[in-house]
Structure formats: structure tokens, C-alpha cells
Amino acid sequence: MIAMLHGQVAAVDQSGVVLDVSGVGFDVRMPQTDLASLHSGQSATVYTSMAVTQDAITLYGFLSPAEKKMFLQLQKVSGIGPKVALSLLSTLPPDRLARAVADGDATALAKAPGLGKKGAQKIILELKGSLDLSQVEGVSGPAQSPVDTGAQQVVEGLISLGWRQQDALDAVERACRDHDIDTPIGEKDVPRVLKLALTELDRGR
């Protein structure tokens with residue numbers, strides 16, 4: 001396993017770099033945000049992870065240990081491979097990505113090419129609560145976003161009517177998105193969102 005490389009950047013393209021380490025050129029796939037800060041002739045330290053498949057051995061690299069840790073964490077999610085994990089880190093830095101998972105922000109995650117809303121929800125479902133934010137550099141503490149008590153009221157109301165929690169959460173999210181209702185949901189909007197969410201759920205039967 002190659003855990004880290006230090007050398008001179010020989011070439012940079014849209015997907016990665018060739019890093020010259022004592023005369024040996026390593027082809028390393030990297031996030032777009034890291035590639036933007038590299039140029040030929042520059043000295044760089046890259047934290048790497050190797051992926052071995054039937055037809056290729058690919059080296060993925062990152063300019064910070066935090067990115068590498070998040071890259072490995074993401075691949076613990078079923079169906080998420082190194083290419084999608086790299087796409088996520090090209091879209092969001094590790095601290096914002098961790099915050100999106102902690103906040104259940106599927107919309108932010110779904111902006112990554114190749115992921116989609118269902119994949120984003122799967123990442124949140126499998127990593128939320130188990131993602132160790134303290135191990136991700138740049139994430140200083142728990143999320144400071146205000147608790148959406150209005151949404152909680154609607155979800156609790158739907159659960160009391162016999163709907164599953166995840167279905168209720170999805171219905172509330174769709175209702176707010178499709179009808180441009182601001183979140184956190186205000187007290188005056190709770191009855192309206194409840195009605196809209198019920199309509200969404202009935203439509204899906």
C-alpha cells in the first residue's frame with residue numbers, strides 16, 4: 001500500500017497529476033479542488049489510497065489527510081466506489097461534506113456528478129451518526145444549524161397516522177421543495193406542510 005508520495009509535479013490534467021518521485025512518475029487521480037492548486041514543477045506531498053480492480057490499479061491522492069480520511073469513509077457506504085467518492089470531494093471539501101451528512105443535507109451531496117439524490121440519501125442513512133467528525137480536520141464540532149422543530153412536528157404527526165419515519169421525512173422534504181416553503185419550517189406553515197406531505201404520501205401509494 002502506498003500511503004503518501006512526495007515529489008515534483010511533472011504534469012497536471014483535468015483528472016489528475018503525474019508526480020515525479022525520484023525519477024519514477026506516479027499517475028494520481030485527485031479532486032478538482034486539489035488539482036486547481038497544483039502546477040508543473042511544483043513540489044507536493046500527496047496522501048494516497050490505492051484501488052485494485054480486475055482491470056486496473058488506480059492511485060487516488062489528496063493534499064490533506066482529512067480528504068483521504070473522508071474518501072475512505074465514503075467507500076464504506078454500499079454502492080459508493082472510489083470514483084463517486086472522488087466526485088464528492090471535488091464538489092465539497094471534507095468539512096462541508098461531513099456537515100452535509102450530519103445535517104442530512106441530501107441536496108448538497110447530490111450536486112456531485114454521478115451520485116444523484118438516492119445515492120446522497122444512502123450516504124446520509126449509512127454514515128449519519130457513525131461518521132466521526134472529530135477525525136476530519138477542519139470540522140471543529142457538531143453542527144450549529146438550528147433544529148427544525150416545525151419539520152419535527154410534521155413528521156411526528158405523520159408517524160402518528162401510521163406512516164414510516166423515512167417516508168414522512170421524504171414527504172416533508174418534497175413538500176417544502178416543490179412549494180418553495182422556507183426551512184426551518186415556521187409554526188404558521190406546519191399545518192400547510194402537513195397537508196402537502198399527506199398529499200405526497202397518498203400519491204405514492
# chains A, B, ... in the order shown; residues from 1 in each chain; ligands from 1
>>> closest_atom_pairs(of="segment 76-122 of chain A", to="segment 161-173 of chain A", cutoff="12 Å", atoms="only C-alpha atoms", output="CSV")
residue,atom,partner,partner_atom,distance
A:Gly104,CA,A:Leu169,CA,10.4
A:Asp105,CA,A:Glu173,CA,10.3
A:Ala106,CA,A:Glu173,CA,10.0
A:Thr107,CA,A:Glu173,CA,10.1
A:Lys117,CA,A:Asp170,CA,11.2
A:Lys118,CA,A:Asp170,CA,11.0
A:Gln121,CA,A:Asp170,CA,9.7
A:Lys122,CA,A:Gln166,CA,11.6
>>> write_last_selection(atoms="C-alpha atoms", output="tab-separated table (two decimals), in the first residue's frame")
chain	number	residue	atom	x	y	z
A	104	GLY	CA	-28.99	15.28	6.40
A	105	ASP	CA	-28.50	17.69	3.50
A	106	ALA	CA	-29.06	15.36	0.54
A	107	THR	CA	-29.38	18.31	-1.85
A	117	LYS	CA	-30.50	12.09	-4.84
A	118	LYS	CA	-30.94	8.42	-3.94
A	121	GLN	CA	-29.76	9.75	0.85
A	122	LYS	CA	-27.99	6.40	1.14
>>> residues_around(residues="His39 of chain A", least_positions_apart="6", cutoff="12 Å", atoms="only C-alpha atoms", output="JSON, numbers by chain")
{"A": [8, 9, 10, 11, 12, 13, 14, 16, 17, 18, 19]}
>>> residues_around(residues="segment 52-56 of chain A", least_positions_apart="3", cutoff="12 Å", atoms="only C-alpha atoms", output="PDB file with N, CA, C and O atoms, in the first residue's frame")
ATOM      1  N   MET A   1       0.848  -1.209   0.000  1.00  0.00           N
ATOM      2  CA  MET A   1       0.000   0.000   0.000  1.00  0.00           C
ATOM      3  C   MET A   1       0.875   1.246   0.000  1.00  0.00           C
ATOM      4  O   MET A   1       1.792   1.364   0.802  1.00  0.00           O
ATOM      5  N   SER A  49      -4.339   6.656  -1.695  1.00  0.00           N
ATOM      6  CA  SER A  49      -5.082   5.423  -1.443  1.00  0.00           C
ATOM      7  C   SER A  49      -5.130   4.647  -2.755  1.00  0.00           C
ATOM      8  O   SER A  49      -5.455   5.217  -3.804  1.00  0.00           O
ATOM      9  N   LEU A  59      -4.338   4.887  -8.385  1.00  0.00           N
ATOM     10  CA  LEU A  59      -3.869   5.593  -7.207  1.00  0.00           C
ATOM     11  C   LEU A  59      -4.645   6.902  -7.083  1.00  0.00           C
ATOM     12  O   LEU A  59      -4.672   7.710  -8.017  1.00  0.00           O
ATOM     13  N   TYR A  60      -5.316   7.091  -5.944  1.00  0.00           N
ATOM     14  CA  TYR A  60      -6.049   8.321  -5.670  1.00  0.00           C
ATOM     15  C   TYR A  60      -5.258   9.132  -4.653  1.00  0.00           C
ATOM     16  O   TYR A  60      -4.702   8.562  -3.695  1.00  0.00           O
ATOM     17  N   GLY A  81     -18.230   3.756  -4.720  1.00  0.00           N
ATOM     18  CA  GLY A  81     -16.861   3.375  -5.030  1.00  0.00           C
ATOM     19  C   GLY A  81     -15.937   4.573  -5.043  1.00  0.00           C
ATOM     20  O   GLY A  81     -16.355   5.706  -4.776  1.00  0.00           O
ATOM     21  N   PRO A  82     -14.674   4.362  -5.378  1.00  0.00           N
ATOM     22  CA  PRO A  82     -13.703   5.460  -5.339  1.00  0.00           C
ATOM     23  C   PRO A  82     -14.013   6.599  -6.309  1.00  0.00           C
ATOM     24  O   PRO A  82     -13.745   7.751  -6.007  1.00  0.00           O
TER      25      PRO A  82
END
>>> closest_residue(among="A:Ser43, A:Ile181, A:Met30, A:Ser37", to="Leu88 of chain A", atoms="only C-alpha atoms")
A:Met30
>>> select_by_dssp(residues="chain A", states="alpha helix (DSSP H)", output="PyMOL selection string")
chain A and resi 32-35+65-74+82-91+94-103+106-109+116-127+149-160+165-178+190-203
>>> write_last_selection(atoms="C-alpha atoms", output="mmCIF file, in the first residue's frame")
data_model
loop_
_atom_site.group_PDB
_atom_site.id
_atom_site.type_symbol
_atom_site.label_atom_id
_atom_site.label_comp_id
_atom_site.auth_asym_id
_atom_site.auth_seq_id
_atom_site.Cartn_x
_atom_site.Cartn_y
_atom_site.Cartn_z
ATOM 1 C CA GLN A 32 -10.699 19.054 -8.844
ATOM 2 C CA THR A 33 -10.185 21.398 -5.901
ATOM 3 C CA ASP A 34 -6.698 19.979 -5.303
ATOM 4 C CA LEU A 35 -5.785 19.972 -8.998
ATOM 5 C CA PRO A 65 -5.110 13.785 5.420
ATOM 6 C CA ALA A 66 -8.687 14.992 6.027
ATOM 7 C CA GLU A 67 -9.623 14.445 2.392
ATOM 8 C CA LYS A 68 -8.116 10.964 2.401
ATOM 9 C CA LYS A 69 -9.984 10.034 5.588
ATOM 10 C CA MET A 70 -13.265 11.226 4.116
ATOM 11 C CA PHE A 71 -12.530 9.385 0.848
ATOM 12 C CA LEU A 72 -12.141 6.124 2.789
ATOM 13 C CA GLN A 73 -15.213 6.815 4.947
ATOM 14 C CA LEU A 74 -17.422 7.363 1.907
ATOM 15 C CA PRO A 82 -13.703 5.460 -5.339
ATOM 16 C CA LYS A 83 -14.884 7.353 -8.453
ATOM 17 C CA VAL A 84 -18.055 8.626 -6.766
ATOM 18 C CA ALA A 85 -16.157 9.365 -3.548
ATOM 19 C CA LEU A 86 -13.668 11.428 -5.574
ATOM 20 C CA SER A 87 -16.539 13.231 -7.304
ATOM 21 C CA LEU A 88 -17.986 14.148 -3.908
ATOM 22 C CA LEU A 89 -14.665 15.553 -2.722
ATOM 23 C CA SER A 90 -14.380 17.521 -5.973
ATOM 24 C CA THR A 91 -17.740 19.093 -5.144
ATOM 25 C CA PRO A 94 -14.274 17.374 3.701
ATOM 26 C CA ASP A 95 -15.579 19.717 6.415
ATOM 27 C CA ARG A 96 -18.627 20.788 4.361
ATOM 28 C CA LEU A 97 -19.199 17.216 3.209
ATOM 29 C CA ALA A 98 -19.172 15.974 6.794
ATOM 30 C CA ARG A 99 -21.515 18.785 7.789
ATOM 31 C CA ALA A 100 -23.918 17.890 4.966
ATOM 32 C CA VAL A 101 -24.019 14.288 6.194
ATOM 33 C CA ALA A 102 -24.539 15.385 9.802
ATOM 34 C CA ASP A 103 -27.322 17.774 8.755
ATOM 35 C CA ALA A 106 -29.061 15.360 0.538
ATOM 36 C CA THR A 107 -29.383 18.312 -1.850
ATOM 37 C CA ALA A 108 -25.796 19.418 -1.194
ATOM 38 C CA LEU A 109 -24.438 15.899 -1.653
ATOM 39 C CA GLY A 116 -27.935 11.544 -7.579
ATOM 40 C CA LYS A 117 -30.500 12.090 -4.838
ATOM 41 C CA LYS A 118 -30.944 8.416 -3.940
ATOM 42 C CA GLY A 119 -27.212 7.924 -3.575
ATOM 43 C CA ALA A 120 -26.988 11.040 -1.412
ATOM 44 C CA GLN A 121 -29.759 9.754 0.847
ATOM 45 C CA LYS A 122 -27.991 6.396 1.144
ATOM 46 C CA ILE A 123 -24.776 8.126 2.258
ATOM 47 C CA ILE A 124 -26.683 10.058 4.914
ATOM 48 C CA LEU A 125 -28.552 6.949 6.065
ATOM 49 C CA GLU A 126 -25.401 4.838 6.426
ATOM 50 C CA LEU A 127 -22.947 7.452 7.708
ATOM 51 C CA THR A 149 -38.906 21.930 15.182
ATOM 52 C CA GLY A 150 -41.609 22.597 12.587
ATOM 53 C CA ALA A 151 -40.447 19.662 10.474
ATOM 54 C CA GLN A 152 -40.248 17.502 13.586
ATOM 55 C CA GLN A 153 -43.879 18.324 14.393
ATOM 56 C CA VAL A 154 -44.995 17.384 10.886
ATOM 57 C CA VAL A 155 -43.012 14.132 10.884
ATOM 58 C CA GLU A 156 -44.350 13.164 14.319
ATOM 59 C CA GLY A 157 -47.868 13.878 13.091
ATOM 60 C CA LEU A 158 -47.381 11.664 10.036
ATOM 61 C CA ILE A 159 -45.892 8.863 12.136
ATOM 62 C CA SER A 160 -48.925 9.035 14.447
ATOM 63 C CA GLN A 165 -40.380 7.831 9.599
ATOM 64 C CA GLN A 166 -38.259 7.801 6.432
ATOM 65 C CA ASP A 167 -41.330 8.136 4.201
ATOM 66 C CA ALA A 168 -42.523 11.026 6.357
ATOM 67 C CA LEU A 169 -39.126 12.767 6.166
ATOM 68 C CA ASP A 170 -39.011 12.377 2.386
ATOM 69 C CA ALA A 171 -42.571 13.701 2.002
ATOM 70 C CA VAL A 172 -41.834 16.773 4.124
ATOM 71 C CA GLU A 173 -38.670 17.492 2.112
ATOM 72 C CA ARG A 174 -40.541 17.199 -1.199
ATOM 73 C CA ALA A 175 -43.413 19.353 0.033
ATOM 74 C CA CYS A 176 -41.065 22.151 1.094
ATOM 75 C CA ARG A 177 -39.009 21.929 -2.082
ATOM 76 C CA ASP A 178 -41.905 21.762 -4.540
ATOM 77 C CA VAL A 190 -46.793 23.468 9.945
ATOM 78 C CA PRO A 191 -50.481 22.750 9.061
ATOM 79 C CA ARG A 192 -49.849 23.546 5.396
ATOM 80 C CA VAL A 193 -46.770 21.314 5.191
ATOM 81 C CA LEU A 194 -48.622 18.509 6.972
ATOM 82 C CA LYS A 195 -51.415 18.687 4.394
ATOM 83 C CA LEU A 196 -48.985 18.813 1.474
ATOM 84 C CA ALA A 197 -46.925 15.927 2.870
ATOM 85 C CA LEU A 198 -50.065 13.809 3.282
ATOM 86 C CA THR A 199 -50.932 14.520 -0.346
ATOM 87 C CA GLU A 200 -47.440 13.425 -1.378
ATOM 88 C CA LEU A 201 -47.712 10.205 0.614
ATOM 89 C CA ASP A 202 -51.186 9.376 -0.713
ATOM 90 C CA ARG A 203 -49.963 9.971 -4.251
#
>>> atom_distance(atom1="atom CA of Val46 of chain A", atom2="atom CA of Arg29 of chain A")
10.6 Å
>>> select_by_dssp(residues="segment 31-100 of chain A", states="strand (DSSP E or B)", output="list in words")
Ser43, Ala44, Thr45, Val46, Tyr47, Thr48, Ser49, Met50, Ala51, Val52, Ile57, Thr58, Leu59, Tyr60, Gly61 and Phe62 of chain A
>>> write_last_selection(atoms="all heavy atoms", output="compact mmCIF listing (two decimals), in the first residue's frame")
# COMPACT_ATOMS: atom_id res chain seq x y z
N SER A 43 6.69 21.34 -6.03
CA SER A 43 6.92 20.25 -5.10
C SER A 43 5.64 20.00 -4.31
O SER A 43 4.98 20.95 -3.88
CB SER A 43 8.06 20.60 -4.14
OG SER A 43 8.27 19.56 -3.20
N ALA A 44 5.24 18.74 -4.15
CA ALA A 44 3.98 18.44 -3.49
C ALA A 44 4.06 17.15 -2.69
O ALA A 44 4.76 16.21 -3.06
CB ALA A 44 2.85 18.35 -4.51
N THR A 45 3.31 17.13 -1.59
CA THR A 45 3.10 15.92 -0.81
C THR A 45 1.66 15.49 -1.00
O THR A 45 0.73 16.29 -0.81
CB THR A 45 3.37 16.16 0.69
OG1 THR A 45 4.75 16.53 0.86
CG2 THR A 45 3.08 14.92 1.50
N VAL A 46 1.46 14.25 -1.42
CA VAL A 46 0.13 13.75 -1.73
C VAL A 46 -0.15 12.51 -0.88
O VAL A 46 0.64 11.57 -0.86
CB VAL A 46 0.01 13.39 -3.23
CG1 VAL A 46 -1.37 12.83 -3.54
CG2 VAL A 46 0.29 14.62 -4.09
N TYR A 47 -1.28 12.53 -0.16
CA TYR A 47 -1.70 11.40 0.66
C TYR A 47 -2.55 10.48 -0.21
O TYR A 47 -3.55 10.91 -0.78
CB TYR A 47 -2.48 11.90 1.88
CG TYR A 47 -1.66 12.84 2.73
CD1 TYR A 47 -1.68 14.22 2.47
CD2 TYR A 47 -0.84 12.36 3.73
CE1 TYR A 47 -0.90 15.09 3.22
CE2 TYR A 47 -0.05 13.23 4.49
CZ TYR A 47 -0.09 14.59 4.23
OH TYR A 47 0.69 15.45 4.96
N THR A 48 -2.15 9.22 -0.32
CA THR A 48 -2.71 8.36 -1.36
C THR A 48 -3.47 7.15 -0.83
O THR A 48 -3.27 6.70 0.29
CB THR A 48 -1.59 7.86 -2.30
OG1 THR A 48 -0.62 7.16 -1.52
CG2 THR A 48 -0.94 9.01 -3.03
N SER A 49 -4.34 6.66 -1.70
CA SER A 49 -5.08 5.42 -1.44
C SER A 49 -5.13 4.65 -2.76
O SER A 49 -5.45 5.22 -3.80
CB SER A 49 -6.50 5.74 -0.96
OG SER A 49 -7.27 4.55 -0.83
N MET A 50 -4.81 3.36 -2.71
CA MET A 50 -4.76 2.55 -3.92
C MET A 50 -6.01 1.70 -4.05
O MET A 50 -6.44 1.06 -3.09
CB MET A 50 -3.52 1.66 -3.91
CG MET A 50 -3.33 0.84 -5.17
SD MET A 50 -1.88 -0.25 -5.07
CE MET A 50 -0.56 0.98 -5.05
N ALA A 51 -6.60 1.71 -5.24
CA ALA A 51 -7.76 0.87 -5.53
C ALA A 51 -7.37 -0.17 -6.58
O ALA A 51 -6.87 0.18 -7.65
CB ALA A 51 -8.92 1.72 -6.04
N VAL A 52 -7.60 -1.45 -6.26
CA VAL A 52 -7.24 -2.53 -7.17
C VAL A 52 -8.51 -3.21 -7.67
O VAL A 52 -9.33 -3.68 -6.88
CB VAL A 52 -6.33 -3.57 -6.46
CG1 VAL A 52 -5.96 -4.69 -7.43
CG2 VAL A 52 -5.08 -2.90 -5.92
N ILE A 57 -5.16 -0.83 -11.63
CA ILE A 57 -4.68 -0.41 -10.31
C ILE A 57 -4.62 1.11 -10.36
O ILE A 57 -3.87 1.69 -11.15
CB ILE A 57 -3.29 -0.99 -9.99
CG1 ILE A 57 -3.34 -2.52 -9.94
CG2 ILE A 57 -2.79 -0.44 -8.66
CD1 ILE A 57 -1.99 -3.17 -9.74
N THR A 58 -5.44 1.77 -9.54
CA THR A 58 -5.57 3.22 -9.61
C THR A 58 -5.13 3.84 -8.29
O THR A 58 -5.51 3.37 -7.21
CB THR A 58 -7.02 3.63 -9.90
OG1 THR A 58 -7.46 2.96 -11.08
CG2 THR A 58 -7.11 5.13 -10.13
N LEU A 59 -4.34 4.89 -8.38
CA LEU A 59 -3.87 5.59 -7.21
C LEU A 59 -4.65 6.90 -7.08
O LEU A 59 -4.67 7.71 -8.02
CB LEU A 59 -2.37 5.87 -7.34
CG LEU A 59 -1.57 6.13 -6.06
CD1 LEU A 59 -1.67 4.94 -5.11
CD2 LEU A 59 -0.10 6.38 -6.43
N TYR A 60 -5.32 7.09 -5.94
CA TYR A 60 -6.05 8.32 -5.67
C TYR A 60 -5.26 9.13 -4.65
O TYR A 60 -4.70 8.56 -3.69
CB TYR A 60 -7.45 8.01 -5.13
CG TYR A 60 -8.32 7.31 -6.15
CD1 TYR A 60 -8.36 5.92 -6.23
CD2 TYR A 60 -9.10 8.05 -7.04
CE1 TYR A 60 -9.15 5.27 -7.17
CE2 TYR A 60 -9.89 7.41 -7.99
CZ TYR A 60 -9.91 6.03 -8.05
OH TYR A 60 -10.68 5.39 -9.00
N GLY A 61 -5.21 10.44 -4.85
CA GLY A 61 -4.40 11.26 -3.97
C GLY A 61 -5.09 12.53 -3.52
O GLY A 61 -6.00 13.04 -4.18
N PHE A 62 -4.61 13.06 -2.38
CA PHE A 62 -5.22 14.22 -1.75
C PHE A 62 -4.14 15.08 -1.10
O PHE A 62 -3.13 14.56 -0.62
CB PHE A 62 -6.25 13.77 -0.71
CG PHE A 62 -7.18 12.71 -1.24
CD1 PHE A 62 -6.88 11.37 -1.11
CD2 PHE A 62 -8.33 13.07 -1.93
CE1 PHE A 62 -7.71 10.39 -1.64
CE2 PHE A 62 -9.17 12.10 -2.47
CZ PHE A 62 -8.86 10.76 -2.32
>>> atom_distance(atom1="atom CA of Gly129 of chain A", atom2="atom CA of Lys76 of chain A")
13.7 Å
>>> atom_distance(atom1="atom CA of Ala112 of chain A", atom2="atom CA of Pro93 of chain A")
11.7 Å
